[in-house]
$ cat target.cif   # mmCIF, C-alpha atoms
data_coords
loop_
_atom_site.group_PDB
_atom_site.id
_atom_site.type_symbol
_atom_site.label_atom_id
_atom_site.label_comp_id
_atom_site.auth_asym_id
_atom_site.auth_seq_id
_atom_site.Cartn_x
_atom_site.Cartn_y
_atom_site.Cartn_z
ATOM 1 C CA MET A 28 -20.008 1.813 -17.063
ATOM 2 C CA THR A 29 -18.415 4.876 -15.529
ATOM 3 C CA HIS A 30 -15.311 4.454 -13.460
ATOM 4 C CA GLN A 31 -15.078 5.884 -9.981
ATOM 5 C CA VAL A 32 -12.226 7.844 -8.536
ATOM 6 C CA HIS A 33 -12.286 7.689 -4.743
ATOM 7 C CA ALA A 34 -10.152 10.697 -3.830
ATOM 8 C CA PHE A 35 -9.025 11.480 -0.281
ATOM 9 C CA GLU A 36 -6.850 14.576 -0.391
ATOM 10 C CA PRO A 37 -6.000 14.196 2.468
ATOM 11 C CA PRO A 38 -7.724 11.272 4.223
ATOM 12 C CA GLU A 39 -8.464 11.288 7.959
ATOM 13 C CA ARG A 40 -6.944 7.792 8.038
ATOM 14 C CA PHE A 41 -5.101 5.714 5.444
ATOM 15 C CA VAL A 42 -3.758 2.314 6.455
ATOM 16 C CA ALA A 43 -2.835 -1.129 5.255
ATOM 17 C CA GLY A 44 -4.523 -3.929 7.159
ATOM 18 C CA THR A 45 -5.736 -7.492 6.951
ATOM 19 C CA VAL A 46 -8.837 -9.548 7.492
ATOM 20 C CA GLY A 47 -8.679 -13.249 8.323
ATOM 21 C CA ALA A 48 -6.390 -15.686 10.113
ATOM 22 C CA PRO A 49 -2.659 -15.932 9.336
ATOM 23 C CA GLY A 50 -2.228 -17.973 6.185
ATOM 24 C CA GLU A 51 -5.637 -16.885 4.943
ATOM 25 C CA ARG A 52 -5.311 -13.147 5.373
ATOM 26 C CA THR A 53 -6.707 -10.758 2.796
ATOM 27 C CA PHE A 54 -4.755 -7.512 2.560
ATOM 28 C CA PHE A 55 -6.474 -4.163 2.178
ATOM 29 C CA LEU A 56 -5.652 -0.509 1.776
ATOM 30 C CA GLN A 57 -8.302 1.530 3.545
ATOM 31 C CA ALA A 58 -9.000 5.255 3.349
ATOM 32 C CA ARG A 59 -11.461 7.142 5.543
ATOM 33 C CA GLY A 60 -12.549 10.743 5.350
ATOM 34 C CA GLY A 61 -15.554 12.989 4.893
ATOM 35 C CA GLY A 62 -17.919 10.280 6.093
ATOM 36 C CA ARG A 63 -16.692 7.834 3.442
ATOM 37 C CA LEU A 64 -14.815 4.571 3.915
ATOM 38 C CA VAL A 65 -13.133 2.862 0.974
ATOM 39 C CA SER A 66 -11.337 -0.491 1.172
ATOM 40 C CA VAL A 67 -9.456 -2.029 -1.750
ATOM 41 C CA ALA A 68 -7.961 -5.531 -1.723
ATOM 42 C CA LEU A 69 -4.399 -6.265 -2.796
ATOM 43 C CA GLU A 70 -1.672 -8.867 -2.479
ATOM 44 C CA LYS A 71 0.732 -9.053 0.458
ATOM 45 C CA VAL A 72 3.638 -8.519 -1.938
ATOM 46 C CA GLN A 73 1.996 -5.297 -3.190
ATOM 47 C CA VAL A 74 1.766 -3.947 0.378
ATOM 48 C CA SER A 75 5.410 -4.808 0.929
ATOM 49 C CA LEU A 76 6.480 -3.200 -2.367
ATOM 50 C CA LEU A 77 4.371 -0.122 -1.686
ATOM 51 C CA ALA A 78 6.125 0.470 1.655
ATOM 52 C CA GLU A 79 9.520 -0.009 -0.005
ATOM 53 C CA LYS A 80 8.744 2.294 -2.954
ATOM 54 C CA LEU A 81 7.271 4.996 -0.686
ATOM 55 C CA GLU A 82 10.487 4.955 1.350
ATOM 56 C CA GLU A 83 12.474 5.394 -1.889
ATOM 57 C CA LEU A 84 10.148 8.186 -3.006
ATOM 58 C CA LEU A 85 10.632 10.114 0.265
ATOM 59 C CA THR A 86 14.404 9.699 0.037
ATOM 60 C CA GLU A 87 14.381 10.904 -3.570
ATOM 61 C CA ALA A 88 12.168 13.890 -2.707
ATOM 62 C CA GLN A 89 14.593 14.863 0.032
ATOM 63 C CA ARG A 90 17.599 14.465 -2.269
ATOM 64 C CA ARG A 91 16.139 16.309 -5.244
ATOM 65 C CA PHE A 92 13.930 18.938 -3.641
ATOM 66 C CA GLY A 93 15.266 19.290 -0.111
ATOM 67 C CA VAL A 94 12.007 18.114 1.392
ATOM 68 C CA GLN A 95 12.330 17.817 5.162
ATOM 69 C CA LEU A 96 11.670 14.228 6.094
ATOM 70 C CA PRO A 97 10.177 13.311 9.439
ATOM 71 C CA GLU A 98 11.970 10.876 11.696
ATOM 72 C CA PRO A 99 10.396 7.438 11.783
ATOM 73 C CA PRO A 100 7.677 7.589 14.435
ATOM 74 C CA ALA A 101 9.022 6.743 17.882
ATOM 75 C CA SER A 102 5.716 5.341 19.034
ATOM 76 C CA VAL A 103 3.960 2.479 17.325
ATOM 77 C CA GLY A 104 1.273 4.777 15.905
ATOM 78 C CA ASP A 105 -2.015 3.507 14.468
ATOM 79 C CA ASN A 106 -2.283 -0.182 15.289
ATOM 80 C CA ASP A 107 -6.064 -0.364 15.300
ATOM 81 C CA PRO A 108 -7.821 -2.883 13.098
ATOM 82 C CA LEU A 109 -9.425 -1.780 9.840
ATOM 83 C CA ASP A 110 -12.649 0.181 10.151
ATOM 84 C CA THR A 111 -15.729 -1.933 9.543
ATOM 85 C CA PRO A 112 -17.487 -2.801 7.391
ATOM 86 C CA VAL A 113 -14.581 -3.841 5.174
ATOM 87 C CA ASP A 114 -16.355 -3.925 1.809
ATOM 88 C CA GLU A 115 -13.969 -4.591 -1.054
ATOM 89 C CA GLU A 116 -14.452 -1.771 -3.580
ATOM 90 C CA PHE A 117 -12.116 -3.458 -6.066
ATOM 91 C CA ARG A 118 -8.915 -5.515 -6.292
ATOM 92 C CA VAL A 119 -5.802 -3.449 -6.967
ATOM 93 C CA GLY A 120 -3.935 -4.130 -10.200
ATOM 94 C CA THR A 121 -1.563 -1.174 -10.378
ATOM 95 C CA LEU A 122 -0.166 1.136 -7.724
ATOM 96 C CA GLY A 123 1.064 4.521 -8.890
ATOM 97 C CA LEU A 124 3.176 6.850 -6.767
ATOM 98 C CA ALA A 125 4.232 10.433 -7.296
ATOM 99 C CA PHE A 126 5.573 13.323 -5.264
ATOM 100 C CA ASP A 127 3.812 16.644 -5.736
ATOM 101 C CA VAL A 128 6.452 19.292 -5.128
ATOM 102 C CA ASP A 129 4.016 22.224 -4.998
ATOM 103 C CA THR A 130 2.207 20.823 -1.989
ATOM 104 C CA ALA A 131 5.086 18.626 -0.704
ATOM 105 C CA THR A 132 2.723 15.672 -0.607
ATOM 106 C CA VAL A 133 2.897 12.072 -1.726
ATOM 107 C CA VAL A 134 0.179 10.924 -4.112
ATOM 108 C CA ILE A 135 -0.693 7.228 -4.033
ATOM 109 C CA GLU A 136 -3.050 5.828 -6.622
ATOM 110 C CA ALA A 137 -4.413 2.306 -6.372
ATOM 111 C CA ILE A 138 -5.941 1.352 -9.713
ATOM 112 C CA ALA A 139 -8.326 -1.555 -10.168
ATOM 113 C CA ALA A 140 -6.968 -4.659 -11.850
ATOM 114 C CA GLY A 141 -7.752 -4.880 -15.532
ATOM 115 C CA GLU A 142 -7.375 -8.241 -17.243
ATOM 116 C CA GLY A 143 -5.004 -10.310 -15.104
ATOM 117 C CA GLU A 144 -2.459 -7.631 -14.201
ATOM 118 C CA ALA A 145 -0.730 -6.716 -10.972
ATOM 119 C CA GLU A 146 2.203 -4.333 -10.706
ATOM 120 C CA VAL A 147 3.596 -1.299 -8.935
ATOM 121 C CA GLU A 148 4.409 1.705 -11.093
ATOM 122 C CA LEU A 149 6.535 4.487 -9.757
ATOM 123 C CA GLY A 150 6.009 8.031 -10.879
ATOM 124 C CA GLY A 151 9.119 9.827 -9.717
ATOM 125 C CA PRO A 152 9.051 13.133 -7.899
ATOM 126 C CA GLU A 153 7.545 15.631 -10.312
ATOM 127 C CA GLU A 154 6.803 19.312 -10.195
ATOM 128 C CA ASP A 155 3.787 18.892 -12.390
ATOM 129 C CA ASP A 156 2.530 15.379 -11.934
ATOM 130 C CA GLU A 157 -1.196 16.034 -12.373
ATOM 131 C CA GLU A 158 -1.132 17.187 -15.999
ATOM 132 C CA GLU A 159 1.442 14.617 -17.071
ATOM 133 C CA ALA A 160 -0.431 11.730 -15.537
ATOM 134 C CA ASP A 161 -3.631 12.659 -17.355
ATOM 135 C CA ASP A 162 -2.069 12.694 -20.818
ATOM 136 C CA GLU A 163 -1.116 9.038 -20.857
ATOM 137 C CA GLU A 164 -3.722 7.071 -18.965
ATOM 138 C CA PRO A 165 -4.328 3.815 -20.788
ATOM 139 C CA ASP A 166 -6.597 2.660 -17.963
ATOM 140 C CA GLU A 167 -9.000 5.608 -17.810
ATOM 141 C CA ASP A 168 -11.949 3.239 -17.438
ATOM 142 C CA LEU A 169 -10.710 1.568 -14.262
ATOM 143 C CA ASP A 170 -11.807 2.495 -10.741
ATOM 144 C CA ARG A 171 -9.125 4.040 -8.579
ATOM 145 C CA LEU A 172 -8.401 5.152 -5.050
ATOM 146 C CA ARG A 173 -6.287 8.304 -4.823
ATOM 147 C CA VAL A 174 -4.767 9.451 -1.562
ATOM 148 C CA ARG A 175 -2.617 12.492 -0.865
ATOM 149 C CA LEU A 176 -0.400 12.262 2.216
ATOM 150 C CA THR A 177 2.093 14.486 3.993
ATOM 151 C CA PRO A 178 5.598 13.046 4.415
ATOM 152 C CA GLU A 179 4.728 12.429 8.112
ATOM 153 C CA ALA A 180 1.575 10.499 7.217
ATOM 154 C CA THR A 181 3.510 8.607 4.538
ATOM 155 C CA ARG A 182 6.152 7.576 7.062
ATOM 156 C CA GLU A 183 3.418 6.367 9.450
ATOM 157 C CA PHE A 184 1.794 4.416 6.628
ATOM 158 C CA ILE A 185 5.141 2.760 5.766
ATOM 159 C CA GLU A 186 5.787 1.731 9.387
ATOM 160 C CA ARG A 187 2.322 0.211 9.783
ATOM 161 C CA ALA A 188 2.432 -1.508 6.375
ATOM 162 C CA ARG A 189 5.686 -3.213 7.359
ATOM 163 C CA ARG A 190 4.204 -4.345 10.685
ATOM 164 C CA VAL A 191 1.136 -5.728 8.907
ATOM 165 C CA VAL A 192 3.236 -7.661 6.382
ATOM 166 C CA ASN A 193 5.496 -9.064 9.103
ATOM 167 C CA ALA A 194 2.597 -10.041 11.374
ATOM 168 C CA GLY A 195 1.757 -13.089 9.286
ATOM 169 C CA ARG A 196 2.986 -16.626 9.776
ATOM 170 C CA PRO A 197 6.625 -16.795 10.883
ATOM 171 C CA PRO A 198 9.016 -17.990 8.175
ATOM 172 C CA CYS A 199 10.582 -21.442 8.386
ATOM 173 C CA PRO A 200 14.197 -20.986 9.516
ATOM 174 C CA LEU A 201 15.328 -23.491 6.888
ATOM 175 C CA CYS A 202 13.449 -22.629 3.703
ATOM 176 C CA GLY A 203 11.872 -19.219 4.457
ATOM 177 C CA GLN A 204 8.357 -20.352 3.487
ATOM 178 C CA PRO A 205 5.565 -19.431 5.914
ATOM 179 C CA LEU A 206 5.026 -21.911 8.759
ATOM 180 C CA ASP A 207 1.495 -23.115 9.335
ATOM 181 C CA PRO A 208 0.456 -23.775 12.943
ATOM 182 C CA ALA A 209 0.436 -27.479 11.992
ATOM 183 C CA GLY A 210 3.987 -27.266 10.586
ATOM 184 C CA HIS A 211 4.725 -27.516 6.881
ATOM 185 C CA LEU A 212 6.394 -29.730 4.319
ATOM 186 C CA CYS A 213 9.867 -28.230 4.219
ATOM 187 C CA PRO A 214 11.715 -28.795 0.940
ATOM 188 C CA ARG A 215 14.964 -28.759 2.925
ATOM 189 C CA HIS A 216 13.764 -31.841 4.844
ATOM 190 C CA ASN A 217 12.836 -33.828 1.732
ATOM 191 C CA GLY A 218 9.178 -33.308 2.534
ATOM 192 C CA TYR A 219 9.188 -34.438 6.179
ATOM 193 C CA HIS A 220 7.229 -32.297 8.629
ATOM 194 C CA ARG A 221 9.301 -30.087 10.927
#

$ encode --input "target.cif" --output "structure tokens"
Amino acid sequence: MTHQVHAFEPPERFVAGTVGAPGERTFFLQARGGGRLVSVALEKVQVSLLAEKLEELLTEAQRRFGVQLPEPPASVGDNDPLDTPVDEEFRVGTLGLAFDVDTATVVIEAIAAGEGEAEVELGGPEEDDEEEADDEEPDEDLDRLRVRLTPEATREFIERARRVVNAGRPPCPLCGQPLDPAGHLCPRHNGYHR
């Protein structure tokens, strides 16, 4: 079976979003462009890590290469729901990030899960990331979504991803676990409902 690379360089829209009620949300990365729409499913923790690692990548690019970073957007930006239909192309196993100095763009690669794996890999800022990445791809046969973003678009993606992650169930003030609308069994209360 041939693997598919869904490349959007750049996409018209690239966002993190969810489908479902709080507590049962499925998280997606979604790219749109050139009449195509690709949605890939991932874990909440992966969305959170991706936002964090992208922030680090931008900071590093600024430090090492003097890349001008945009201010965090003043307005709330893209808060629209995911485009429909949300058809899961694949579930993300690995997220790869790199900074392409030649074009001053951030490259995000979401790679389909192989056998029971889920992680975030960070490619640091590199002058020549394309050739290097191709030499050592153990997962050549896995589908992937590749997106190339400007620093501005990256910053917008980070802000929205954080909003999406934080929009879930509020944490219990005692134990930090998510609160269900019906309350939850709080370990700090020896199992009594709050």

$ closest_residue --input "target.cif" --among "A:Gln95, A:Gln73, A:Asn106, A:Gln204" --to "Arg40 (chain A)" --atoms "all atoms listed in the file"
A:Asn106

$ residues_around --input "target.cif" --residues "His30 (chain A)" --least-positions-apart "2" --cutoff "10 Å" --atoms "all atoms listed in the file" --output "PyMOL selection string"
chain A and resi 28+32-33+139+166-171

$ closest_residue --input "target.cif" --among "A:Gln57, A:Val94, A:Gly104, A:Ala68" --to "Arg190 (chain A)" --atoms "only C-alpha atoms"
A:Gly104

$ closest_residue --input "target.cif" --among "A:Ala78, A:Leu56, A:Ala180, A:Cys199" --to "Glu98 (chain A)" --atoms "all atoms listed in the file"
A:Ala180

$ closest_residue --input "target.cif" --among "A:Ala131, A:Leu124, A:Ile138, A:Val67" --to "Pro178 (chain A)" --atoms "all atoms listed in the file"
A:Ala131

$ resolve_selection --input "target.cif" --expression "the PyMOL selection byres ((chain A and resi 130) around 10)" --output "list in words"
Phe126, Asp127, Val128, Asp129, Ala131, Thr132, Val133, Glu154, Arg175, Leu176 and Thr177 of chain A

$ write_last_selection --input "target.cif" --atoms "C-alpha atoms" --output "PDB file, keeping the file's coordinate frame"
ATOM      1  CA  PHE A 126       5.573  13.323  -5.264  1.00  0.00           C
ATOM      2  CA  ASP A 127       3.812  16.644  -5.736  1.00  0.00           C
ATOM      3  CA  VAL A 128       6.452  19.292  -5.128  1.00  0.00           C
ATOM      4  CA  ASP A 129       4.016  22.224  -4.998  1.00  0.00           C
ATOM      5  CA  ALA A 131       5.086  18.626  -0.704  1.00  0.00           C
ATOM      6  CA  THR A 132       2.723  15.672  -0.607  1.00  0.00           C
ATOM      7  CA  VAL A 133       2.897  12.072  -1.726  1.00  0.00           C
ATOM      8  CA  GLU A 154       6.803  19.312 -10.195  1.00  0.00           C
ATOM      9  CA  ARG A 175      -2.617  12.492  -0.865  1.00  0.00           C
ATOM     10  CA  LEU A 176      -0.400  12.262   2.216  1.00  0.00           C
ATOM     11  CA  THR A 177       2.093  14.486   3.993  1.00  0.00           C
TER      12      THR A 177
END

$ closest_residue --input "target.cif" --among "A:Leu84, A:Val119, A:Val174, A:Ala43" --to "Leu69 (chain A)" --atoms "only C-alpha atoms"
A:Val119

$ axis_aligned_box --input "target.cif" --around "region 82-94 of chain A" --padding-each-side "4 Å" --output "JSON"
{"center_x": 13.9, "center_y": 12.1, "center_z": -1.9, "size_x": 15.5, "size_y": 22.3, "size_z": 14.6}

$ atom_distance --input "target.cif" --atom1 "CA of Leu77 (chain A)" --atom2 "CA of Arg63 (chain A)"
23.1 Å

$ closest_residue --input "target.cif" --among "A:Val42, A:Ile185, A:Leu81, A:Leu96" --to "Ala125 (chain A)" --atoms "only C-alpha atoms"
A:Leu81

$ build_atoms --input "target.cif" --residues "region 76-97 of chain A" --atoms "N, CA and C atoms" --output "PDB file, in the frame of the given file"
ATOM      1  N   LEU A  76       5.852  -4.032  -1.331  1.00  0.00           N
ATOM      2  CA  LEU A  76       6.480  -3.200  -2.367  1.00  0.00           C
ATOM      3  C   LEU A  76       6.105  -1.734  -2.200  1.00  0.00           C
ATOM      4  N   LEU A  77       4.838  -1.491  -1.858  1.00  0.00           N
ATOM      5  CA  LEU A  77       4.371  -0.122  -1.686  1.00  0.00           C
ATOM      6  C   LEU A  77       5.159   0.577  -0.581  1.00  0.00           C
ATOM      7  N   ALA A  78       5.357  -0.113   0.549  1.00  0.00           N
ATOM      8  CA  ALA A  78       6.125   0.470   1.655  1.00  0.00           C
ATOM      9  C   ALA A  78       7.552   0.775   1.200  1.00  0.00           C
ATOM     10  N   GLU A  79       8.138  -0.165   0.469  1.00  0.00           N
ATOM     11  CA  GLU A  79       9.520  -0.009  -0.005  1.00  0.00           C
ATOM     12  C   GLU A  79       9.632   1.172  -0.973  1.00  0.00           C
ATOM     13  N   LYS A  80       8.698   1.240  -1.932  1.00  0.00           N
ATOM     14  CA  LYS A  80       8.744   2.294  -2.954  1.00  0.00           C
ATOM     15  C   LYS A  80       8.441   3.671  -2.352  1.00  0.00           C
ATOM     16  N   LEU A  81       7.558   3.716  -1.343  1.00  0.00           N
ATOM     17  CA  LEU A  81       7.271   4.996  -0.686  1.00  0.00           C
ATOM     18  C   LEU A  81       8.509   5.504   0.035  1.00  0.00           C
ATOM     19  N   GLU A  82       9.242   4.580   0.666  1.00  0.00           N
ATOM     20  CA  GLU A  82      10.487   4.955   1.350  1.00  0.00           C
ATOM     21  C   GLU A  82      11.464   5.551   0.339  1.00  0.00           C
ATOM     22  N   GLU A  83      11.589   4.892  -0.822  1.00  0.00           N
ATOM     23  CA  GLU A  83      12.474   5.394  -1.889  1.00  0.00           C
ATOM     24  C   GLU A  83      12.016   6.762  -2.370  1.00  0.00           C
ATOM     25  N   LEU A  84      10.700   6.926  -2.509  1.00  0.00           N
ATOM     26  CA  LEU A  84      10.148   8.186  -3.006  1.00  0.00           C
ATOM     27  C   LEU A  84      10.463   9.331  -2.037  1.00  0.00           C
ATOM     28  N   LEU A  85      10.314   9.081  -0.731  1.00  0.00           N
ATOM     29  CA  LEU A  85      10.632  10.114   0.265  1.00  0.00           C
ATOM     30  C   LEU A  85      12.114  10.476   0.209  1.00  0.00           C
ATOM     31  N   THR A  86      12.960   9.459   0.097  1.00  0.00           N
ATOM     32  CA  THR A  86      14.404   9.699   0.037  1.00  0.00           C
ATOM     33  C   THR A  86      14.754  10.526  -1.186  1.00  0.00           C
ATOM     34  N   GLU A  87      14.141  10.189  -2.312  1.00  0.00           N
ATOM     35  CA  GLU A  87      14.381  10.904  -3.570  1.00  0.00           C
ATOM     36  C   GLU A  87      13.883  12.352  -3.478  1.00  0.00           C
ATOM     37  N   ALA A  88      12.723  12.541  -2.853  1.00  0.00           N
ATOM     38  CA  ALA A  88      12.168  13.890  -2.707  1.00  0.00           C
ATOM     39  C   ALA A  88      13.096  14.751  -1.852  1.00  0.00           C
ATOM     40  N   GLN A  89      13.663  14.133  -0.823  1.00  0.00           N
ATOM     41  CA  GLN A  89      14.593  14.863   0.032  1.00  0.00           C
ATOM     42  C   GLN A  89      15.857  15.226  -0.754  1.00  0.00           C
ATOM     43  N   ARG A  90      16.356  14.268  -1.521  1.00  0.00           N
ATOM     44  CA  ARG A  90      17.599  14.465  -2.269  1.00  0.00           C
ATOM     45  C   ARG A  90      17.418  15.527  -3.359  1.00  0.00           C
ATOM     46  N   ARG A  91      16.318  15.418  -4.098  1.00  0.00           N
ATOM     47  CA  ARG A  91      16.139  16.309  -5.244  1.00  0.00           C
ATOM     48  C   ARG A  91      15.552  17.661  -4.896  1.00  0.00           C
ATOM     49  N   PHE A  92      14.660  17.695  -3.906  1.00  0.00           N
ATOM     50  CA  PHE A  92      13.930  18.938  -3.641  1.00  0.00           C
ATOM     51  C   PHE A  92      14.133  19.468  -2.233  1.00  0.00           C
ATOM     52  N   GLY A  93      15.001  18.813  -1.463  1.00  0.00           N
ATOM     53  CA  GLY A  93      15.266  19.290  -0.111  1.00  0.00           C
ATOM     54  C   GLY A  93      14.084  19.206   0.813  1.00  0.00           C
ATOM     55  N   VAL A  94      13.178  18.285   0.534  1.00  0.00           N
ATOM     56  CA  VAL A  94      12.007  18.114   1.392  1.00  0.00           C
ATOM     57  C   VAL A  94      12.472  17.606   2.758  1.00  0.00           C
ATOM     58  N   GLN A  95      11.982  18.255   3.814  1.00  0.00           N
ATOM     59  CA  GLN A  95      12.330  17.817   5.162  1.00  0.00           C
ATOM     60  C   GLN A  95      11.583  16.534   5.481  1.00  0.00           C
ATOM     61  N   LEU A  96      12.329  15.489   5.780  1.00  0.00           N
ATOM     62  CA  LEU A  96      11.670  14.228   6.094  1.00  0.00           C
ATOM     63  C   LEU A  96      11.529  14.068   7.596  1.00  0.00           C
ATOM     64  N   PRO A  97      10.374  13.553   8.012  1.00  0.00           N
ATOM     65  CA  PRO A  97      10.177  13.311   9.439  1.00  0.00           C
ATOM     66  C   PRO A  97      11.001  12.105   9.868  1.00  0.00           C
TER      67      PRO A  97
END
